[in-house]
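This is final.txt. It holds compact mmCIF, N, CA and C atoms.
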# COMPACT_ATOMS: atom_id res chain seq x y z
N MET A 61 5.85 53.06 23.53
CA MET A 61 6.12 52.36 22.30
C MET A 61 7.40 51.56 22.41
N VAL A 62 8.43 52.11 23.00
CA VAL A 62 9.70 51.41 23.14
C VAL A 62 9.55 50.22 24.07
N LEU A 63 8.76 50.37 25.12
CA LEU A 63 8.55 49.26 26.06
C LEU A 63 7.81 48.11 25.37
N GLY A 64 6.89 48.43 24.51
CA GLY A 64 6.15 47.39 23.79
C GLY A 64 7.05 46.59 22.86
N ILE A 65 8.01 47.26 22.21
CA ILE A 65 8.95 46.56 21.33
C ILE A 65 9.88 45.69 22.14
N LYS A 66 10.37 46.22 23.26
CA LYS A 66 11.27 45.42 24.10
C LYS A 66 10.52 44.23 24.70
N ALA A 67 9.30 44.42 25.08
CA ALA A 67 8.52 43.32 25.66
C ALA A 67 8.26 42.25 24.61
N GLY A 68 8.10 42.65 23.35
CA GLY A 68 7.89 41.69 22.28
C GLY A 68 9.14 40.89 21.94
N LEU A 69 10.30 41.42 22.23
CA LEU A 69 11.54 40.71 21.93
C LEU A 69 11.86 39.62 22.93
N LEU A 70 11.40 39.79 24.15
CA LEU A 70 11.67 38.78 25.16
C LEU A 70 10.71 37.61 24.98
N PRO A 71 11.23 36.40 24.96
CA PRO A 71 10.33 35.26 24.77
C PRO A 71 9.48 35.01 26.00
N SER A 72 8.24 34.62 25.77
CA SER A 72 7.36 34.29 26.89
C SER A 72 7.73 32.91 27.42
N SER A 73 7.14 32.55 28.53
CA SER A 73 7.45 31.25 29.14
C SER A 73 6.96 30.11 28.25
N ASN A 74 5.83 30.30 27.55
CA ASN A 74 5.33 29.25 26.65
C ASN A 74 6.27 29.04 25.47
N GLU A 75 6.80 30.12 24.93
CA GLU A 75 7.73 29.99 23.80
C GLU A 75 9.02 29.31 24.25
N ALA A 76 9.48 29.63 25.45
CA ALA A 76 10.70 28.99 25.96
C ALA A 76 10.48 27.51 26.19
N GLU A 77 9.29 27.15 26.71
CA GLU A 77 8.98 25.74 26.93
C GLU A 77 8.87 24.99 25.60
N GLU A 78 8.25 25.63 24.60
CA GLU A 78 8.14 24.99 23.29
C GLU A 78 9.50 24.80 22.65
N THR A 79 10.37 25.78 22.79
CA THR A 79 11.73 25.66 22.24
C THR A 79 12.48 24.54 22.93
N THR A 80 12.36 24.44 24.25
CA THR A 80 13.02 23.37 24.99
C THR A 80 12.45 22.02 24.59
N THR A 81 11.13 21.94 24.46
CA THR A 81 10.49 20.68 24.06
C THR A 81 10.92 20.28 22.65
N ASN A 82 10.99 21.25 21.75
CA ASN A 82 11.43 20.95 20.38
C ASN A 82 12.87 20.45 20.36
N ARG A 83 13.72 21.06 21.17
CA ARG A 83 15.12 20.61 21.23
C ARG A 83 15.22 19.20 21.79
N ILE A 84 14.45 18.93 22.83
CA ILE A 84 14.47 17.58 23.43
C ILE A 84 13.95 16.56 22.42
N ASN A 85 12.86 16.88 21.72
CA ASN A 85 12.32 15.96 20.72
C ASN A 85 13.31 15.73 19.59
N THR A 86 14.04 16.78 19.20
CA THR A 86 15.04 16.64 18.16
C THR A 86 16.17 15.72 18.61
N ILE A 87 16.61 15.90 19.84
CA ILE A 87 17.69 15.05 20.37
C ILE A 87 17.23 13.60 20.46
N HIS A 88 16.00 13.38 20.93
CA HIS A 88 15.46 12.01 21.00
C HIS A 88 15.35 11.39 19.61
N GLY A 89 14.90 12.17 18.64
CA GLY A 89 14.79 11.68 17.27
C GLY A 89 16.14 11.32 16.68
N LEU A 90 17.14 12.16 16.93
CA LEU A 90 18.49 11.87 16.42
C LEU A 90 19.08 10.63 17.08
N CYS A 91 18.87 10.48 18.37
CA CYS A 91 19.39 9.29 19.07
C CYS A 91 18.70 8.02 18.56
N ALA A 92 17.39 8.08 18.37
CA ALA A 92 16.66 6.91 17.89
C ALA A 92 17.08 6.54 16.48
N SER A 93 17.21 7.53 15.61
CA SER A 93 17.60 7.22 14.23
C SER A 93 19.06 6.76 14.17
N SER A 94 19.91 7.31 15.03
CA SER A 94 21.30 6.84 15.06
C SER A 94 21.38 5.40 15.54
N PHE A 95 20.58 5.05 16.54
CA PHE A 95 20.55 3.68 17.04
C PHE A 95 20.08 2.73 15.94
N MET A 96 19.05 3.13 15.21
CA MET A 96 18.55 2.28 14.13
C MET A 96 19.57 2.14 13.02
N GLU A 97 20.28 3.23 12.71
CA GLU A 97 21.32 3.16 11.69
C GLU A 97 22.45 2.23 12.10
N ILE A 98 22.80 2.22 13.37
CA ILE A 98 23.85 1.32 13.86
C ILE A 98 23.40 -0.14 13.74
N ILE A 99 22.15 -0.40 14.07
CA ILE A 99 21.63 -1.77 13.94
C ILE A 99 21.63 -2.21 12.48
N LEU A 100 21.17 -1.35 11.58
CA LEU A 100 21.16 -1.70 10.16
C LEU A 100 22.57 -1.86 9.62
N LEU A 101 23.50 -1.03 10.09
CA LEU A 101 24.89 -1.17 9.67
C LEU A 101 25.45 -2.51 10.14
N TYR A 102 25.13 -2.91 11.37
CA TYR A 102 25.57 -4.20 11.89
C TYR A 102 25.05 -5.34 11.02
N PHE A 103 23.75 -5.31 10.68
CA PHE A 103 23.19 -6.38 9.86
C PHE A 103 23.79 -6.38 8.45
N ASN A 104 24.08 -5.19 7.92
CA ASN A 104 24.70 -5.12 6.60
C ASN A 104 26.12 -5.67 6.62
N LEU A 105 26.86 -5.39 7.69
CA LEU A 105 28.22 -5.93 7.81
C LEU A 105 28.20 -7.44 8.00
N ARG A 106 27.23 -7.93 8.76
CA ARG A 106 27.09 -9.39 8.93
C ARG A 106 26.74 -10.05 7.59
N LEU A 107 25.94 -9.38 6.78
CA LEU A 107 25.60 -9.91 5.46
C LEU A 107 26.84 -9.96 4.59
N LYS A 108 27.65 -8.92 4.65
CA LYS A 108 28.89 -8.90 3.87
C LYS A 108 29.84 -10.01 4.31
N LYS A 109 29.91 -10.24 5.63
CA LYS A 109 30.78 -11.30 6.14
C LYS A 109 30.26 -12.68 5.75
N SER A 110 28.97 -12.83 5.65
CA SER A 110 28.40 -14.13 5.31
C SER A 110 28.67 -14.51 3.86
N ILE A 111 29.10 -13.56 3.04
CA ILE A 111 29.51 -13.91 1.67
C ILE A 111 30.67 -14.88 1.71
N HIS A 112 31.65 -14.59 2.57
CA HIS A 112 32.84 -15.44 2.66
C HIS A 112 32.58 -16.69 3.48
N ASP A 113 31.76 -16.59 4.53
CA ASP A 113 31.50 -17.73 5.40
C ASP A 113 30.41 -18.65 4.86
N GLN A 114 29.62 -18.16 3.93
CA GLN A 114 28.44 -18.86 3.42
C GLN A 114 27.52 -19.23 4.58
N ASN A 115 27.32 -18.29 5.47
CA ASN A 115 26.45 -18.47 6.62
C ASN A 115 25.05 -17.99 6.25
N VAL A 116 24.18 -18.92 6.00
CA VAL A 116 22.84 -18.60 5.53
C VAL A 116 21.99 -18.01 6.64
N GLN A 117 22.31 -18.32 7.89
CA GLN A 117 21.54 -17.79 9.00
C GLN A 117 21.62 -16.25 9.04
N ASN A 118 22.79 -15.69 8.76
CA ASN A 118 22.92 -14.23 8.71
C ASN A 118 22.10 -13.64 7.58
N ILE A 119 21.99 -14.37 6.48
CA ILE A 119 21.17 -13.89 5.36
C ILE A 119 19.70 -13.84 5.79
N LYS A 120 19.26 -14.87 6.47
CA LYS A 120 17.88 -14.90 6.94
C LYS A 120 17.63 -13.79 7.95
N HIS A 121 18.60 -13.55 8.84
CA HIS A 121 18.46 -12.46 9.80
C HIS A 121 18.34 -11.11 9.09
N TRP A 122 19.14 -10.91 8.05
CA TRP A 122 19.10 -9.66 7.29
C TRP A 122 17.73 -9.50 6.63
N LEU A 123 17.23 -10.58 6.03
CA LEU A 123 15.93 -10.51 5.37
C LEU A 123 14.81 -10.22 6.37
N VAL A 124 14.87 -10.82 7.55
CA VAL A 124 13.85 -10.56 8.57
C VAL A 124 13.94 -9.11 9.06
N MET A 125 15.16 -8.62 9.26
CA MET A 125 15.33 -7.25 9.73
C MET A 125 14.76 -6.26 8.72
N TYR A 126 15.06 -6.45 7.46
CA TYR A 126 14.55 -5.52 6.46
C TYR A 126 13.08 -5.73 6.18
N LEU A 127 12.54 -6.90 6.46
CA LEU A 127 11.09 -7.08 6.40
C LEU A 127 10.42 -6.25 7.49
N MET A 128 11.03 -6.21 8.67
CA MET A 128 10.50 -5.36 9.74
C MET A 128 10.60 -3.88 9.37
N VAL A 129 11.69 -3.50 8.72
CA VAL A 129 11.82 -2.11 8.25
C VAL A 129 10.73 -1.80 7.24
N LEU A 130 10.46 -2.73 6.34
CA LEU A 130 9.42 -2.52 5.33
C LEU A 130 8.04 -2.37 5.98
N ILE A 131 7.75 -3.19 6.95
CA ILE A 131 6.46 -3.09 7.66
C ILE A 131 6.37 -1.75 8.39
N HIS A 132 7.47 -1.34 9.01
CA HIS A 132 7.51 -0.05 9.70
C HIS A 132 7.25 1.10 8.71
N ILE A 133 7.85 1.03 7.54
CA ILE A 133 7.63 2.07 6.52
C ILE A 133 6.17 2.12 6.13
N PHE A 134 5.56 0.95 5.90
CA PHE A 134 4.14 0.93 5.54
C PHE A 134 3.28 1.58 6.62
N ILE A 135 3.48 1.16 7.85
CA ILE A 135 2.65 1.67 8.95
C ILE A 135 2.88 3.17 9.14
N TYR A 136 4.14 3.59 9.12
CA TYR A 136 4.46 5.00 9.37
C TYR A 136 3.86 5.92 8.31
N TYR A 137 4.08 5.61 7.05
CA TYR A 137 3.62 6.51 6.00
C TYR A 137 2.12 6.45 5.77
N ILE A 138 1.51 5.31 5.99
CA ILE A 138 0.05 5.24 5.86
C ILE A 138 -0.61 6.03 6.99
N SER A 139 -0.08 5.88 8.22
CA SER A 139 -0.67 6.66 9.32
C SER A 139 -0.37 8.15 9.16
N ALA A 140 0.82 8.51 8.66
CA ALA A 140 1.12 9.92 8.43
C ALA A 140 0.22 10.49 7.34
N ALA A 141 -0.06 9.71 6.32
CA ALA A 141 -0.94 10.19 5.25
C ALA A 141 -2.37 10.35 5.74
N SER A 142 -2.79 9.51 6.66
CA SER A 142 -4.17 9.59 7.13
C SER A 142 -4.43 10.81 8.01
N VAL A 143 -3.40 11.35 8.67
CA VAL A 143 -3.61 12.51 9.54
C VAL A 143 -3.06 13.80 8.93
N SER A 144 -2.49 13.73 7.75
CA SER A 144 -1.84 14.87 7.14
C SER A 144 -2.79 15.65 6.24
N ASP A 145 -2.38 16.90 5.99
CA ASP A 145 -3.11 17.71 5.03
C ASP A 145 -2.75 17.34 3.60
N ARG A 146 -1.55 16.75 3.42
CA ARG A 146 -1.07 16.36 2.09
C ARG A 146 -0.82 14.85 2.06
N PRO A 147 -1.88 14.05 1.97
CA PRO A 147 -1.69 12.59 2.04
C PRO A 147 -0.95 12.02 0.84
N LEU A 148 -1.11 12.62 -0.32
CA LEU A 148 -0.43 12.09 -1.51
C LEU A 148 1.08 12.22 -1.39
N PHE A 149 1.55 13.27 -0.75
CA PHE A 149 2.99 13.44 -0.54
C PHE A 149 3.55 12.30 0.31
N PHE A 150 2.89 12.03 1.44
CA PHE A 150 3.37 10.95 2.31
C PHE A 150 3.23 9.58 1.66
N LEU A 151 2.16 9.37 0.91
CA LEU A 151 2.01 8.09 0.23
C LEU A 151 3.07 7.91 -0.85
N ALA A 152 3.43 8.99 -1.56
CA ALA A 152 4.47 8.89 -2.58
C ALA A 152 5.83 8.60 -1.95
N ILE A 153 6.16 9.28 -0.86
CA ILE A 153 7.44 9.03 -0.17
C ILE A 153 7.46 7.60 0.37
N GLY A 154 6.35 7.15 0.95
CA GLY A 154 6.26 5.79 1.46
C GLY A 154 6.40 4.75 0.35
N LEU A 155 5.80 5.02 -0.79
CA LEU A 155 5.91 4.10 -1.92
C LEU A 155 7.34 4.01 -2.43
N ILE A 156 8.00 5.15 -2.56
CA ILE A 156 9.39 5.16 -3.02
C ILE A 156 10.29 4.43 -2.02
N SER A 157 10.12 4.71 -0.73
CA SER A 157 10.92 4.04 0.29
C SER A 157 10.67 2.54 0.30
N SER A 158 9.42 2.15 0.16
CA SER A 158 9.08 0.73 0.14
C SER A 158 9.69 0.03 -1.07
N LEU A 159 9.65 0.69 -2.20
CA LEU A 159 10.24 0.09 -3.41
C LEU A 159 11.75 -0.08 -3.27
N ILE A 160 12.41 0.87 -2.63
CA ILE A 160 13.86 0.74 -2.42
C ILE A 160 14.17 -0.45 -1.52
N VAL A 161 13.43 -0.58 -0.42
CA VAL A 161 13.66 -1.70 0.49
C VAL A 161 13.30 -3.02 -0.19
N LEU A 162 12.21 -3.06 -0.94
CA LEU A 162 11.84 -4.28 -1.66
C LEU A 162 12.90 -4.66 -2.69
N LEU A 163 13.46 -3.70 -3.37
CA LEU A 163 14.52 -3.98 -4.33
C LEU A 163 15.75 -4.54 -3.63
N MET A 164 16.10 -3.96 -2.49
CA MET A 164 17.25 -4.49 -1.73
C MET A 164 17.00 -5.94 -1.31
N MET A 165 15.80 -6.21 -0.82
CA MET A 165 15.48 -7.56 -0.40
C MET A 165 15.48 -8.52 -1.58
N TYR A 166 14.99 -8.08 -2.72
CA TYR A 166 14.96 -8.92 -3.92
C TYR A 166 16.39 -9.26 -4.37
N VAL A 167 17.27 -8.27 -4.38
CA VAL A 167 18.65 -8.50 -4.81
C VAL A 167 19.35 -9.48 -3.88
N VAL A 168 19.18 -9.31 -2.58
CA VAL A 168 19.81 -10.24 -1.63
C VAL A 168 19.23 -11.63 -1.77
N LYS A 169 17.92 -11.71 -1.91
CA LYS A 169 17.28 -13.02 -2.06
C LYS A 169 17.75 -13.73 -3.34
N ARG A 170 17.87 -13.00 -4.43
CA ARG A 170 18.33 -13.62 -5.68
C ARG A 170 19.82 -13.98 -5.62
N PHE A 171 20.61 -13.13 -5.00
CA PHE A 171 22.05 -13.37 -4.94
C PHE A 171 22.37 -14.61 -4.10
N TYR A 172 21.63 -14.78 -3.03
CA TYR A 172 21.87 -15.92 -2.14
C TYR A 172 20.88 -17.04 -2.35
N HIS A 173 20.23 -17.09 -3.48
CA HIS A 173 19.20 -18.10 -3.73
C HIS A 173 19.75 -19.52 -3.60
N ASN A 174 20.93 -19.77 -4.10
CA ASN A 174 21.50 -21.12 -4.01
C ASN A 174 21.74 -21.52 -2.56
N GLU A 175 22.26 -20.61 -1.75
CA GLU A 175 22.50 -20.95 -0.36
C GLU A 175 21.21 -21.18 0.41
N LEU A 176 20.20 -20.36 0.14
CA LEU A 176 18.91 -20.54 0.80
C LEU A 176 18.22 -21.81 0.34
N GLU A 177 18.39 -22.15 -0.92
CA GLU A 177 17.76 -23.35 -1.46
C GLU A 177 18.40 -24.62 -0.88
N ASN A 178 19.72 -24.59 -0.64
CA ASN A 178 20.41 -25.76 -0.08
C ASN A 178 19.97 -26.07 1.34
N LEU A 179 19.51 -25.06 2.08
CA LEU A 179 19.09 -25.30 3.45
C LEU A 179 17.60 -25.55 3.59
N ALA A 180 16.89 -25.62 2.49
CA ALA A 180 15.46 -25.90 2.56
C ALA A 180 15.25 -27.30 3.11
N PRO A 181 14.29 -27.47 4.00
CA PRO A 181 14.08 -28.80 4.58
C PRO A 181 13.63 -29.81 3.53
N SER A 182 14.22 -30.98 3.61
CA SER A 182 13.83 -32.06 2.70
C SER A 182 13.12 -33.15 3.48
N ASN A 183 12.78 -34.24 2.81
CA ASN A 183 12.00 -35.30 3.45
C ASN A 183 12.85 -36.21 4.33
N THR A 184 14.15 -36.26 4.12
CA THR A 184 14.99 -37.15 4.91
C THR A 184 15.48 -36.43 6.16
N THR A 185 15.68 -37.21 7.22
CA THR A 185 16.13 -36.61 8.48
C THR A 185 17.61 -36.28 8.45
N ASP A 186 18.40 -36.96 7.64
CA ASP A 186 19.83 -36.68 7.57
C ASP A 186 20.10 -35.31 6.95
N ASP A 187 19.27 -34.91 6.00
CA ASP A 187 19.47 -33.62 5.35
C ASP A 187 19.02 -32.46 6.22
N ASN A 188 18.16 -32.73 7.22
CA ASN A 188 17.66 -31.66 8.07
C ASN A 188 18.69 -31.20 9.10
N ASN A 189 19.67 -32.02 9.39
CA ASN A 189 20.70 -31.67 10.35
C ASN A 189 21.76 -30.82 9.65
N VAL A 190 21.70 -29.54 9.89
CA VAL A 190 22.62 -28.60 9.24
C VAL A 190 23.61 -28.14 10.30
N THR A 191 24.88 -28.26 9.99
CA THR A 191 25.89 -27.78 10.93
C THR A 191 26.38 -26.42 10.47
N PRO A 192 26.48 -25.47 11.41
CA PRO A 192 26.95 -24.14 11.03
C PRO A 192 28.44 -24.19 10.69
N SER A 193 28.88 -23.22 9.91
CA SER A 193 30.29 -23.17 9.53
C SER A 193 31.13 -22.86 10.75
N GLN A 194 32.30 -23.46 10.84
CA GLN A 194 33.18 -23.31 12.00
C GLN A 194 34.21 -22.22 11.80
N SER A 195 34.22 -21.55 10.65
CA SER A 195 35.21 -20.50 10.43
C SER A 195 34.79 -19.25 11.18
N ALA A 196 35.76 -18.54 11.72
CA ALA A 196 35.45 -17.35 12.53
C ALA A 196 35.84 -16.10 11.82
Show this structure as structure tokens.
Amino acid sequence: MVLGIKAGLLPSSNEAEETTTNRINTIHGLCASSFMEIILLYFNLRLKKSIHDQNVQNIKHWLVMYLMVLIHIFIYYISAASVSDRPLFFLAIGLISSLIVLLMMYVVKRFYHNELENLAPSNTTDDNNVTPSQSA
């Protein structure tokens, strides 16, 4: 009886491999999410800097980046809902996340509407030549 209890306390090779695999997957997930957070932080700082520089190109880059984030959220949560036992949970989280990103994009688009409108292409060739700001 004592040997059976001691044998049960020692992890088997499969359990050790699963624990190692889970740790590796956790580390990879943390590194990937940290990398993505750094990229989003960079784009957010560039957006903040473009307030003073009136650099519309950074605004467009920010909008494109968050459009990619929005598409990623749609794909991730729809695929997670399709393979999950609780699809409504994943769809609700995806909907809330999508609404937050859409609201952020709407606020930025409305706030910089004048700058984006000024760079819209017109019919004359002189107006199409836009020079970037020289301030650093």
With only C-alpha atoms as the counted atoms, please give the residues lying no more than 12 Å from Ile138 of chain A, apart from itself and same-chain residues fewer than 4 positions off, as a ChimeraX atom specification. /A:131-134,142-144,146-155,158
How far is it from atom N of Asn104 of chain A to atom C of Leu130 of chain A, in Å with one decimal?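 Rounded to one decimal, the two atoms are 16.4 Å apart.
Reported to one decimal place, the separation of atom C of Tyr172 of chain A from atom N of Ile119 of chain A is 9.3 Å.
In this model, the gap between atom N of Ser157 of chain A and atom N of Tyr137 of chain A comes to 9.9 Å.
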With the cut-off set at 8 Å and counting only N, CA and C atoms, tabulate each residue of segment 111-136 of chain A with an atom at most that distance from an atom of segment 159-171 of chain A, showing the nearest atom pair and its distance in Å to one decimal, ordered by chain and increasing number, as a tab-separated table.
residue	atom	partner	partner_atom	distance
A:Ile119	CA	A:Val168	C	7.7
A:Trp122	C	A:Met165	CA	7.6
A:Leu123	CA	A:Met165	CA	6.5
A:Tyr126	C	A:Val161	C	6.9
A:Leu127	N	A:Met165	CA	7.5
A:Val129	C	A:Val161	CA	7.4
A:Leu130	CA	A:Val161	CA	6.5
Extending 6 Å beyond the listed atoms of segment 141-144 of chain A on each side, what axis-aligned box results? I want centre and edge lengths in Å to one decimal, as JSON.
{"center_x": -2.2, "center_y": 12.6, "center_z": 7.4, "size_x": 16.4, "size_y": 18.1, "size_z": 16.3}
Helix (DSSP H, G or I) residues, from DSSP on the backbone, in segment 83-193 of chain A, as a ChimeraX atom specification: /A:83-113,116-143,147-171,173-178,185-188
Quick test: take segment 129-140 of chain A, keep all heavy atoms, and write it as a compact mmCIF listing (two decimals), in the first residue's frame.
# COMPACT_ATOMS: atom_id res chain seq x y z
N VAL A 129 -5.67 44.42 -36.48
CA VAL A 129 -6.03 43.87 -35.17
C VAL A 129 -7.50 43.47 -35.15
O VAL A 129 -7.86 42.40 -34.64
CB VAL A 129 -5.71 44.88 -34.05
CG1 VAL A 129 -6.32 44.46 -32.73
CG2 VAL A 129 -4.21 45.08 -33.90
N LEU A 130 -8.35 44.30 -35.72
CA LEU A 130 -9.78 44.00 -35.77
C LEU A 130 -10.06 42.73 -36.58
O LEU A 130 -10.84 41.87 -36.15
CB LEU A 130 -10.53 45.19 -36.35
CG LEU A 130 -12.04 45.08 -36.40
CD1 LEU A 130 -12.61 45.04 -34.98
CD2 LEU A 130 -12.62 46.25 -37.17
N ILE A 131 -9.40 42.59 -37.70
CA ILE A 131 -9.57 41.39 -38.53
C ILE A 131 -9.08 40.16 -37.77
O ILE A 131 -9.71 39.10 -37.80
CB ILE A 131 -8.85 41.55 -39.88
CG1 ILE A 131 -9.56 42.61 -40.72
CG2 ILE A 131 -8.76 40.23 -40.63
CD1 ILE A 131 -8.81 43.03 -41.96
N HIS A 132 -7.96 40.30 -37.07
CA HIS A 132 -7.42 39.20 -36.27
C HIS A 132 -8.42 38.80 -35.18
O HIS A 132 -8.63 37.61 -34.92
CB HIS A 132 -6.09 39.58 -35.66
CG HIS A 132 -5.52 38.53 -34.77
ND1 HIS A 132 -5.71 38.53 -33.41
CD2 HIS A 132 -4.79 37.44 -35.06
CE1 HIS A 132 -5.11 37.48 -32.90
NE2 HIS A 132 -4.54 36.81 -33.87
N ILE A 133 -9.03 39.77 -34.53
CA ILE A 133 -10.02 39.48 -33.49
C ILE A 133 -11.19 38.71 -34.08
O ILE A 133 -11.66 37.72 -33.51
CB ILE A 133 -10.49 40.78 -32.80
CG1 ILE A 133 -9.38 41.34 -31.92
CG2 ILE A 133 -11.75 40.55 -31.99
CD1 ILE A 133 -9.68 42.71 -31.37
N PHE A 134 -11.68 39.16 -35.24
CA PHE A 134 -12.80 38.46 -35.88
C PHE A 134 -12.44 37.00 -36.18
O PHE A 134 -13.18 36.09 -35.83
CB PHE A 134 -13.20 39.15 -37.19
CG PHE A 134 -14.02 40.39 -37.02
CD1 PHE A 134 -13.87 41.45 -37.89
CD2 PHE A 134 -14.94 40.51 -35.99
CE1 PHE A 134 -14.62 42.60 -37.74
CE2 PHE A 134 -15.70 41.65 -35.84
CZ PHE A 134 -15.53 42.70 -36.72
N ILE A 135 -11.30 36.80 -36.82
CA ILE A 135 -10.90 35.45 -37.21
C ILE A 135 -10.68 34.57 -35.98
O ILE A 135 -11.14 33.43 -35.92
CB ILE A 135 -9.65 35.49 -38.10
CG1 ILE A 135 -9.98 36.13 -39.44
CG2 ILE A 135 -9.06 34.10 -38.30
CD1 ILE A 135 -8.78 36.42 -40.30
N TYR A 136 -9.99 35.11 -34.98
CA TYR A 136 -9.65 34.32 -33.79
C TYR A 136 -10.89 33.88 -33.03
O TYR A 136 -11.05 32.70 -32.72
CB TYR A 136 -8.73 35.12 -32.87
CG TYR A 136 -8.37 34.39 -31.61
CD1 TYR A 136 -7.40 33.41 -31.60
CD2 TYR A 136 -9.03 34.67 -30.41
CE1 TYR A 136 -7.08 32.73 -30.45
CE2 TYR A 136 -8.71 33.99 -29.25
CZ TYR A 136 -7.74 33.02 -29.28
OH TYR A 136 -7.43 32.36 -28.14
N TYR A 137 -11.78 34.82 -32.74
CA TYR A 137 -12.94 34.47 -31.91
C TYR A 137 -13.99 33.68 -32.67
O TYR A 137 -14.70 32.86 -32.08
CB TYR A 137 -13.53 35.71 -31.25
CG TYR A 137 -12.71 36.15 -30.08
CD1 TYR A 137 -11.92 37.29 -30.16
CD2 TYR A 137 -12.68 35.42 -28.91
CE1 TYR A 137 -11.14 37.70 -29.08
CE2 TYR A 137 -11.90 35.81 -27.83
CZ TYR A 137 -11.14 36.94 -27.92
OH TYR A 137 -10.37 37.33 -26.87
N ILE A 138 -14.12 33.88 -33.96
CA ILE A 138 -15.06 33.07 -34.73
C ILE A 138 -14.56 31.64 -34.84
O ILE A 138 -15.32 30.69 -34.67
CB ILE A 138 -15.32 33.70 -36.12
CG1 ILE A 138 -16.16 34.96 -35.96
CG2 ILE A 138 -16.01 32.70 -37.05
CD1 ILE A 138 -16.35 35.74 -37.22
N SER A 139 -13.25 31.48 -35.08
CA SER A 139 -12.71 30.11 -35.14
C SER A 139 -12.73 29.45 -33.76
O SER A 139 -12.99 28.24 -33.66
CB SER A 139 -11.30 30.10 -35.73
OG SER A 139 -10.43 30.85 -34.91
N ALA A 140 -12.47 30.21 -32.70
CA ALA A 140 -12.54 29.64 -31.35
C ALA A 140 -13.97 29.24 -31.01
O ALA A 140 -14.19 28.21 -30.36
CB ALA A 140 -12.01 30.64 -30.33
